[in-house]
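Raw contents of my_file.txt, compact mmCIF, C-alpha atoms:
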```txt
# COMPACT_ATOMS: atom_id res chain seq x y z
CA MET A 1 45.47 211.82 42.18
CA SER A 2 48.26 209.28 42.73
CA ARG A 3 47.57 205.58 43.18
CA SER A 4 48.75 205.59 46.81
CA SER A 5 46.43 208.45 47.81
CA THR A 6 43.51 206.70 46.06
CA VAL A 7 44.25 203.53 48.03
CA ARG A 8 44.56 205.55 51.26
CA ASN A 9 41.21 207.28 50.67
CA ALA A 10 39.52 203.96 49.85
CA ALA A 11 40.98 202.43 53.03
CA TRP A 12 39.67 205.30 55.15
CA LEU A 13 36.22 205.04 53.56
CA TRP A 14 36.20 201.26 54.16
CA PHE A 15 37.28 201.78 57.77
CA ILE A 16 34.58 204.41 58.46
CA ALA A 17 31.92 202.19 56.84
CA THR A 18 33.16 199.25 58.96
CA ILE A 19 32.86 201.22 62.19
CA ALA A 20 29.37 202.35 61.19
CA VAL A 21 28.27 198.76 60.50
CA LEU A 22 29.79 197.57 63.79
CA VAL A 23 28.01 200.32 65.72
CA VAL A 24 24.70 199.27 64.12
CA GLY A 25 25.54 195.64 64.95
CA PHE A 26 26.31 196.50 68.58
CA ARG A 27 23.08 198.49 68.88
CA GLN A 28 21.06 195.62 67.40
CA ALA A 29 22.73 193.01 69.60
CA ILE A 30 22.50 194.85 72.91
CA PHE A 31 19.48 197.16 72.67
CA LEU A 32 17.12 196.14 69.87
CA VAL A 33 16.74 192.37 69.44
CA PRO A 34 14.49 190.71 72.02
CA THR A 35 15.92 188.88 75.00
CA GLU A 36 16.20 185.14 74.46
CA GLU A 37 13.88 183.16 76.75
CA THR A 38 16.20 180.41 78.06
CA MET A 39 19.46 182.23 78.74
CA GLY A 40 18.29 185.82 79.02
CA ASN A 41 20.79 188.57 78.25
CA LEU A 42 23.71 186.11 78.42
CA GLN A 43 22.65 184.85 74.97
CA ARG A 44 23.72 188.24 73.53
CA ILE A 45 27.30 186.91 73.62
CA PHE A 46 26.20 184.84 70.60
CA TYR A 47 26.17 187.95 68.36
CA TYR A 48 29.94 188.43 68.83
CA HIS A 49 30.84 184.74 69.26
CA LEU A 50 29.25 183.55 66.01
CA PRO A 51 30.92 186.04 63.59
CA HIS A 52 34.35 185.31 65.06
CA ALA A 53 33.68 181.56 64.86
CA ILE A 54 32.60 181.75 61.20
CA LEU A 55 35.38 184.11 60.12
CA GLY A 56 37.95 182.10 62.08
CA LEU A 57 37.18 179.28 59.63
CA ILE A 58 37.39 181.51 56.54
CA PHE A 59 40.70 183.36 57.07
CA PRO A 60 42.65 180.05 57.18
CA TYR A 61 41.57 179.49 53.57
CA VAL A 62 43.11 182.84 52.59
CA ASN A 63 46.25 181.64 54.34
CA VAL A 64 46.37 178.29 52.55
CA VAL A 65 45.67 179.80 49.11
CA ALA A 66 48.45 182.38 49.68
CA SER A 67 50.77 179.61 50.94
CA LEU A 68 50.10 177.43 47.88
CA ALA A 69 50.72 180.48 45.67
CA PHE A 70 54.01 181.03 47.52
CA LEU A 71 55.04 177.40 46.95
CA TYR A 72 54.13 177.68 43.26
CA TRP A 73 55.98 180.96 42.67
CA ARG A 74 58.98 180.63 44.95
CA ARG A 75 61.24 179.39 42.12
CA ARG A 76 59.28 180.67 39.11
CA ASP A 77 58.75 184.28 40.26
CA PRO A 78 60.30 185.15 43.66
CA LEU A 79 58.80 188.66 43.74
CA LYS A 80 55.26 187.30 43.37
CA ALA A 81 56.13 184.66 45.98
CA LEU A 82 57.08 187.42 48.44
CA THR A 83 53.71 189.09 47.89
CA ALA A 84 51.92 185.77 48.52
CA ASP A 85 54.03 185.24 51.63
CA ALA A 86 53.01 188.66 52.97
CA LEU A 87 49.33 187.75 52.50
CA ALA A 88 49.93 184.39 54.20
CA VAL A 89 51.40 185.95 57.33
CA ALA A 90 48.66 188.61 57.48
CA SER A 91 45.87 186.04 57.21
CA ALA A 92 47.54 183.75 59.77
CA GLU A 93 47.66 186.54 62.36
CA VAL A 94 44.03 187.45 61.74
CA THR A 95 43.13 183.74 62.06
CA VAL A 96 44.85 183.54 65.46
CA LEU A 97 42.99 186.67 66.58
CA TYR A 98 39.55 185.52 65.40
CA VAL A 99 39.87 181.91 66.59
CA GLY A 100 41.30 183.15 69.92
CA ILE A 101 38.33 185.49 70.40
CA CYS A 102 35.96 182.66 69.47
CA LEU A 103 37.53 180.41 72.12
CA ALA A 104 37.65 183.11 74.82
CA SER A 105 34.09 184.33 74.22
CA GLY A 106 32.91 180.70 74.18
CA MET A 107 34.52 180.07 77.56
CA LEU A 108 33.02 183.26 79.02
CA TRP A 109 29.64 182.09 77.73
CA GLY A 110 30.12 178.47 78.83
CA LYS A 111 30.86 179.17 82.49
CA PRO A 112 27.50 180.83 83.35
CA ALA A 113 25.52 178.70 80.85
CA TRP A 114 26.98 175.21 81.43
CA GLY A 115 28.71 175.76 84.77
CA ILE A 116 32.11 174.88 83.25
CA TRP A 117 34.76 176.91 81.43
CA TRP A 118 35.80 174.12 79.11
CA ALA A 119 34.82 170.66 77.88
CA TRP A 120 37.12 168.40 75.91
CA ASP A 121 34.48 167.74 73.29
CA ALA A 122 35.17 167.50 69.56
CA ARG A 123 34.21 171.07 68.62
CA LEU A 124 36.15 172.83 71.37
CA THR A 125 39.18 170.57 71.05
CA THR A 126 39.47 170.87 67.25
CA GLU A 127 39.00 174.64 67.53
CA LEU A 128 41.77 174.83 70.15
CA LEU A 129 43.94 172.68 67.88
CA LEU A 130 43.29 175.11 65.01
CA TRP A 131 44.40 178.04 67.18
CA LEU A 132 47.53 176.16 68.31
CA LEU A 133 48.40 175.25 64.71
CA TYR A 134 48.31 178.90 63.63
CA VAL A 135 50.18 180.03 66.74
CA SER A 136 52.88 177.46 65.89
CA TYR A 137 52.84 178.76 62.30
CA LEU A 138 53.60 182.28 63.56
CA LEU A 139 56.24 181.01 66.03
CA LEU A 140 57.91 179.07 63.22
CA ARG A 141 58.06 182.22 61.11
CA ARG A 142 59.38 184.26 64.02
CA PHE A 143 62.08 181.93 65.34
CA SER A 144 63.11 179.60 62.50
CA PRO A 145 66.83 180.19 61.86
CA THR A 146 66.90 178.68 58.36
CA GLY A 147 66.56 180.45 55.02
CA GLN A 148 63.60 178.17 54.24
CA THR A 149 61.20 179.73 56.75
CA GLY A 150 58.65 180.73 54.12
CA THR A 151 58.61 177.26 52.59
CA LEU A 152 58.34 175.48 55.94
CA ALA A 153 55.57 177.82 57.06
CA ALA A 154 53.68 177.31 53.79
CA VAL A 155 53.81 173.52 54.19
CA LEU A 156 52.62 173.82 57.80
CA SER A 157 49.78 176.05 56.59
CA VAL A 158 48.55 173.32 54.24
CA PHE A 159 48.44 170.83 57.13
CA ALA A 160 46.75 173.38 59.42
CA ALA A 161 44.01 174.01 56.86
CA ILE A 162 43.01 170.33 57.04
CA ASP A 163 41.67 171.04 60.55
CA VAL A 164 39.19 173.65 59.27
CA PRO A 165 36.59 171.27 57.77
CA ILE A 166 37.03 168.99 60.80
CA VAL A 167 36.14 171.91 63.11
CA TYR A 168 33.14 172.75 60.94
CA MET A 169 31.83 169.17 60.77
CA SER A 170 32.67 168.22 64.37
CA ILE A 171 29.22 169.10 65.73
CA GLN A 172 27.62 166.91 63.08
CA TRP A 173 30.03 163.98 63.27
CA TRP A 174 30.16 163.68 67.06
CA ARG A 175 27.87 164.36 70.03
CA THR A 176 29.30 167.42 71.73
CA GLN A 177 28.73 169.73 74.67
CA HIS A 178 28.71 172.51 72.07
CA PRO A 179 25.22 173.08 70.61
CA ALA A 180 24.28 171.70 67.19
CA PRO A 181 24.51 174.04 64.19
CA VAL A 182 21.82 176.72 63.88
CA PHE A 183 22.38 177.53 60.21
CA GLY A 184 22.76 175.28 57.17
CA PRO A 185 20.81 172.24 55.92
CA ASN A 186 20.95 170.46 59.29
CA GLY A 187 20.62 173.63 61.35
CA GLY A 188 18.23 173.99 64.22
CA GLY A 189 17.20 177.48 63.09
CA VAL A 190 17.05 180.86 64.78
CA ASP A 191 14.10 183.08 65.57
CA PRO A 192 13.95 185.55 62.65
CA ARG A 193 13.71 188.43 65.15
CA PHE A 194 17.41 187.76 65.95
CA TYR A 195 18.50 188.02 62.29
CA PRO A 196 19.38 191.77 62.28
CA ALA A 197 21.87 191.38 65.15
CA ILE A 198 23.37 188.27 63.57
CA PHE A 199 23.78 189.60 60.06
CA TRP A 200 24.94 193.14 60.96
CA ASN A 201 27.62 191.69 63.21
CA ILE A 202 28.76 189.09 60.67
CA ALA A 203 28.99 191.86 58.05
CA GLY A 204 30.79 194.23 60.44
CA TRP A 205 33.38 191.75 61.65
CA LEU A 206 33.93 190.52 58.08
CA MET A 207 34.61 194.10 56.96
CA TRP A 208 36.86 194.67 60.00
CA GLY A 209 38.79 191.44 59.42
CA THR A 210 39.28 192.24 55.75
CA PHE A 211 40.51 195.74 56.60
CA VAL A 212 42.90 194.54 59.30
CA MET A 213 44.24 191.72 57.11
CA LEU A 214 44.91 194.05 54.17
CA PHE A 215 46.51 196.65 56.46
CA ARG A 216 48.77 193.93 57.92
CA PHE A 217 49.53 192.76 54.36
CA ALA A 218 50.52 196.32 53.40
CA LEU A 219 52.75 196.52 56.49
CA GLU A 220 54.49 193.26 55.56
CA ARG A 221 55.00 194.49 51.99
CA ARG A 222 56.46 197.73 53.35
CA ARG A 223 58.89 195.73 55.50
CA GLN A 224 59.84 193.49 52.56
CA LEU A 225 60.47 196.51 50.30
CA ALA A 226 62.52 198.23 53.03
CA GLU A 227 64.65 195.06 53.36
CA GLN A 228 65.10 194.91 49.59
CA ASP A 229 66.09 198.60 49.53
CA ALA A 230 68.57 198.04 52.35
CA ALA A 231 70.10 195.05 50.53
CA LEU A 232 70.36 197.01 47.27
CA LEU A 233 71.98 199.98 49.03
CA ALA A 234 74.48 197.62 50.68
CA ILE A 235 75.36 196.12 47.27
CA GLU A 236 75.67 199.60 45.72
CA ALA A 237 77.90 200.73 48.60
CA SER A 238 80.13 197.67 48.26
CA LEU A 239 80.54 198.33 44.52
CA GLU A 240 81.47 201.97 45.14
CA THR A 241 84.17 201.13 47.69
CA PRO A 242 87.55 202.23 46.25
CA GLN A 243 89.98 199.34 45.72
CA MET B 1 18.31 196.05 77.42
CA THR B 2 19.68 199.48 78.34
CA TRP B 3 23.17 200.85 79.08
CA HIS B 4 22.28 200.61 82.76
CA THR B 5 21.42 196.91 82.61
CA PHE B 6 24.35 196.24 80.23
CA PHE B 7 26.79 197.45 82.90
CA ASP B 8 25.06 195.54 85.67
CA PHE B 9 27.80 193.53 87.37
CA SER B 10 25.58 191.82 89.94
CA THR B 11 25.61 188.34 88.32
CA MET B 12 28.25 186.27 86.60
CA ALA B 13 26.17 186.19 83.40
CA SER B 14 25.96 189.99 83.17
CA ARG B 15 29.68 190.38 84.00
CA HIS B 16 30.70 187.93 81.32
CA LEU B 17 28.52 189.69 78.75
CA VAL B 18 30.41 192.94 79.41
CA PHE B 19 33.77 191.10 79.40
CA VAL B 20 33.06 189.63 75.95
CA TYR B 21 31.94 192.89 74.34
CA THR B 22 34.71 195.03 75.84
CA GLY B 23 37.33 192.30 75.40
CA VAL B 24 36.57 191.89 71.71
CA TRP B 25 36.91 195.63 71.10
CA LEU B 26 40.11 195.83 73.15
CA LEU B 27 41.74 192.89 71.36
CA GLN B 28 40.69 193.95 67.88
CA GLY B 29 41.52 197.60 68.54
CA GLY B 30 44.84 196.66 70.14
CA TYR B 31 45.86 194.59 67.13
CA LEU B 32 44.91 197.42 64.76
CA ALA B 33 46.89 199.89 66.89
CA TRP B 34 49.92 197.53 66.84
CA ILE B 35 49.76 197.38 63.02
CA ALA B 36 49.42 201.17 62.77
CA TRP B 37 52.38 201.71 65.11
CA ASN B 38 54.54 199.29 63.11
CA TRP B 39 53.37 200.94 59.89
CA ARG B 40 54.81 204.25 61.02
CA LYS B 41 57.95 202.57 62.34
CA ALA B 42 58.54 200.63 59.10
CA LYS B 43 58.24 203.86 57.11
CA SER B 44 60.85 205.61 59.23
CA LEU B 45 63.22 202.60 58.84
CA SER B 46 63.08 202.62 55.05
CA PRO B 47 66.61 203.54 53.84
CA ARG B 48 65.36 205.58 50.86
CA ASP B 49 62.99 207.77 52.91
```
How does this structure look as structure tokens?
Amino acid sequence: MSRSSTVRNAAWLWFIATIAVLVVGFRQAIFLVPTEETMGNLQRIFYYHLPHAILGLIFPYVNVVASLAFLYWRRRDPLKALTADALAVASAEVTVLYVGICLASGMLWGKPAWGIWWAWDARLTTELLLWLLYVSYLLLRRFSPTGQTGTLAAVLSVFAAIDVPIVYMSIQWWRTQHPAPVFGPNGGGVDPRFYPAIFWNIAGWLMWGTFVMLFRFALERRRQLAEQDAALLAIEASLETPQ
Amino acid sequence: MTWHTFFDFSTMASRHLVFVYTGVWLLQGGYLAWIAWNWRKAKSLSPRD
């Protein structure tokens, strides 16, 4: 069996397992865990909001590690740098998706729960800033006319990553409209009967995000290799031109 | 909760619950479909294929 078919089979298995875990997570969140007393069924938004919020703070670290690897390799080993760059763009897109879903689901939860769509408190504002930083990262990559796009994007990525711990700590450093943390050393805690919905959905959306990021990475590598092939063919053709 | 009460659109809270769950699947599925479409397109653009 060739390496590519092994990778393809593993990807399909991972994808099927991901869908299965997400179906279990959906079933737990909607049908099996008890209804929360204060907010009723509206609280079930939490089981999709929380995984996207957590993972939206993890994928930026993949992006910054890949960006630092790109900066390290760009002169030493340009082929490795291209691979790191492909991972950086894949993780940045997934970050925009996850943070965007976190913001949108939070607003859809906030309106019926608080009576407002948005509050300019520290958590929401730093989270919006994080989303805007990664959107600007992708826009820079898309529209920068220079040959230094990868380097500029990598430097921006390092600055963007600084916002991640600020988002995480914001609900501890400042008083916010957003609730205090439920997990961790200072967490308020969650009724253990809600654990299955929480953990199945965190696992499912982690598996999904990993799959999507690696698929996007493979797509970027395919594009890079196609561009390299096209450049090589152009050089070969120019050498074969009769003088 | 049942499917019937899940798709109850009588209150803002129940509507927003459905919007979040369907919206997440649409956005995530749409992004995956976009990658898959570009995957096929990138293969057909490869000069050595």
Nearest candidate to Tyr47 in chain A (options B:His4, B:Ala36, B:Val24, B:Thr11; using all atoms listed in the file):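 Closest residue, counting all atoms listed in the file: B:Val24.
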Would you tabulate, counting only C-alpha atoms, all residues of chain B that have an atom at most 7 Å from an atom of chain A, showing the closest pair of atoms and their distance in Å to one decimal, sorted by chain then ascending number, as JSON lines?
```
{"residue": "B:Met1", "atom": "CA", "partner": "A:Phe31", "partner_atom": "CA", "distance": 5.0}
{"residue": "B:Thr2", "atom": "CA", "partner": "A:Phe31", "partner_atom": "CA", "distance": 6.1}
{"residue": "B:Met12", "atom": "CA", "partner": "A:Pro112", "partner_atom": "CA", "distance": 6.4}
{"residue": "B:Ala13", "atom": "CA", "partner": "A:Pro112", "partner_atom": "CA", "distance": 5.5}
{"residue": "B:Ser14", "atom": "CA", "partner": "A:Leu42", "partner_atom": "CA", "distance": 6.5}
{"residue": "B:His16", "atom": "CA", "partner": "A:Leu108", "partner_atom": "CA", "distance": 5.7}
{"residue": "B:Leu17", "atom": "CA", "partner": "A:Ile45", "partner_atom": "CA", "distance": 6.0}
{"residue": "B:Val20", "atom": "CA", "partner": "A:Ser105", "partner_atom": "CA", "distance": 5.7}
{"residue": "B:Val24", "atom": "CA", "partner": "A:Ile101", "partner_atom": "CA", "distance": 6.8}
{"residue": "B:Leu32", "atom": "CA", "partner": "A:Val212", "partner_atom": "CA", "distance": 6.5}
{"residue": "B:Ile35", "atom": "CA", "partner": "A:Arg216", "partner_atom": "CA", "distance": 6.2}
{"residue": "B:Trp39", "atom": "CA", "partner": "A:Leu219", "partner_atom": "CA", "distance": 5.6}
{"residue": "B:Ala42", "atom": "CA", "partner": "A:Arg223", "partner_atom": "CA", "distance": 6.1}
{"residue": "B:Ser46", "atom": "CA", "partner": "A:Ala226", "partner_atom": "CA", "distance": 4.9}
{"residue": "B:Pro47", "atom": "CA", "partner": "A:Ala230", "partner_atom": "CA", "distance": 6.0}
```
Emit as lines of an AutoDock Vina configuration file the padded axis-aligned box for all listed atoms of range 145-161 of chain A, 8 Å per side, with centre and edge lengths in Å to one decimal.
```
center_x = 55.5
center_y = 175.8
center_z = 57.2
size_x = 38.9
size_y = 25.9
size_z = 25.3
```
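Here CA of Ala153 in chain A and CA of Ser67 in chain A stand 8.0 Å from one another.
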May I ask for the distance between CA of Ile58 in chain A and CA of Leu138 in chain A, given in Å to one decimal place? 17.7 Å
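Atom pair CA of Leu129 in chain A / CA of Trp174 in chain A: separated by 16.5 Å.
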